[in-house]
Amino acid sequence: MRLLVIEDEVKLAEYLRKGLTEEGYVVDVAHNGVDGLHLAMEGDYDLLVLDGMLPGIDGLGLLAALRQSKQTPVLMLTARVRVEDRVKGLQGGADDYLVKPFAFSELVARIQVLLRRARPAREPEGATVLGLSDLEMDLLRRKATRAGRRLDLTAKEFTLLALLLRRQGEVLSRTEIAEQVWDINFDSATNVIDVAVRRLRGKLDAPFERTLLHTVRGMGYVLEEREE
Ligand code: CA
């Protein structure tokens, strides 16, 4: 899941980037309305976190421009407490808003709700619980279990496993995994992926009888149940 944070307070923006990355999201940040709008129009984001008061173009102006062509879910951050300002934001096409200062946990909860609401349109399966054999992942609760035992995964491992599980049976190249999970293009540094997959295997497959995560030589990785 890719998020774009548009926030001119650099410290807050960095705090959000760090926190949301730890939650397993791929996060880009823009510090003014002009850059923010450009990224939002060009990029393929699942959700925008948009500050209301921005230099360049303000939040409402950005939203108006964005809504002419894109329906990306938008969570607005606002210092304004007047009801009419919130109403303006919602009428302007914001999907939700949060008044500053806010608790990080509330931000995450609202992001999850918006993403869940948007998902049916983007992903036909619309599932928040994914499964394969005795592996089960609850994307909203961020919980993965195998044979009923909880897997202790890092945020990246969780994102990686969710990607493989969502596309189960399909061979994913290292390049695609790098782009989807690390938000970077790897040419030579595929070692990072291999190391991460090895770690994930140690938790996902090693303690269990059946292997689910397979290497396809020269191509990449696939998550599937195979007859052994
Ligand atoms: Ca601001």
# chains A, B, ... in the order shown; residues from 1 in each chain; ligands from 1

call {"tool": "residues_around", "arguments": {"residues": "Leu48 (chain A)", "least_positions_apart": "6", "cutoff": "8 Å", "atoms": "only C-alpha atoms", "output": "ChimeraX atom specification"}}
result
/A:3-6,40,72-75

call {"tool": "residues_near_ligand", "arguments": {"ligand": "ligand 1", "cutoff": "10 Å", "atoms": "only C-alpha atoms and all ligand atoms", "output": "NGL selection string"}}
result
:A and (6-10 or 12-13 or 31-33 or 50-55 or 58-59 or 77-79)

call {"tool": "residues_around", "arguments": {"residues": "Met1 (chain A)", "least_positions_apart": "6", "cutoff": "7 Å", "atoms": "only C-alpha atoms", "output": "list in words"}}
result
Tyr25, Val26 and Asp46 of chain A

call {"tool": "write_last_selection", "arguments": {"atoms": "N, CA and C atoms", "output": "mmCIF file, in the first residue's frame"}}
result
data_model
loop_
_atom_site.group_PDB
_atom_site.id
_atom_site.type_symbol
_atom_site.label_atom_id
_atom_site.label_comp_id
_atom_site.auth_asym_id
_atom_site.auth_seq_id
_atom_site.Cartn_x
_atom_site.Cartn_y
_atom_site.Cartn_z
ATOM 1 N N TYR A 25 3.516 0.458 5.464
ATOM 2 C CA TYR A 25 3.140 1.186 4.251
ATOM 3 C C TYR A 25 4.387 1.715 3.545
ATOM 4 N N VAL A 26 4.275 1.883 2.242
ATOM 5 C CA VAL A 26 5.303 2.578 1.481
ATOM 6 C C VAL A 26 4.876 4.045 1.463
ATOM 7 N N ASP A 46 -2.526 4.708 -2.865
ATOM 8 C CA ASP A 46 -3.748 4.121 -2.333
ATOM 9 C C ASP A 46 -4.479 5.104 -1.437
#

call {"tool": "closest_residue", "arguments": {"among": "A:Met219, A:Leu139, A:Ala147, A:Leu160", "to": "Pro207 (chain A)", "atoms": "only C-alpha atoms"}}
result
A:Ala147
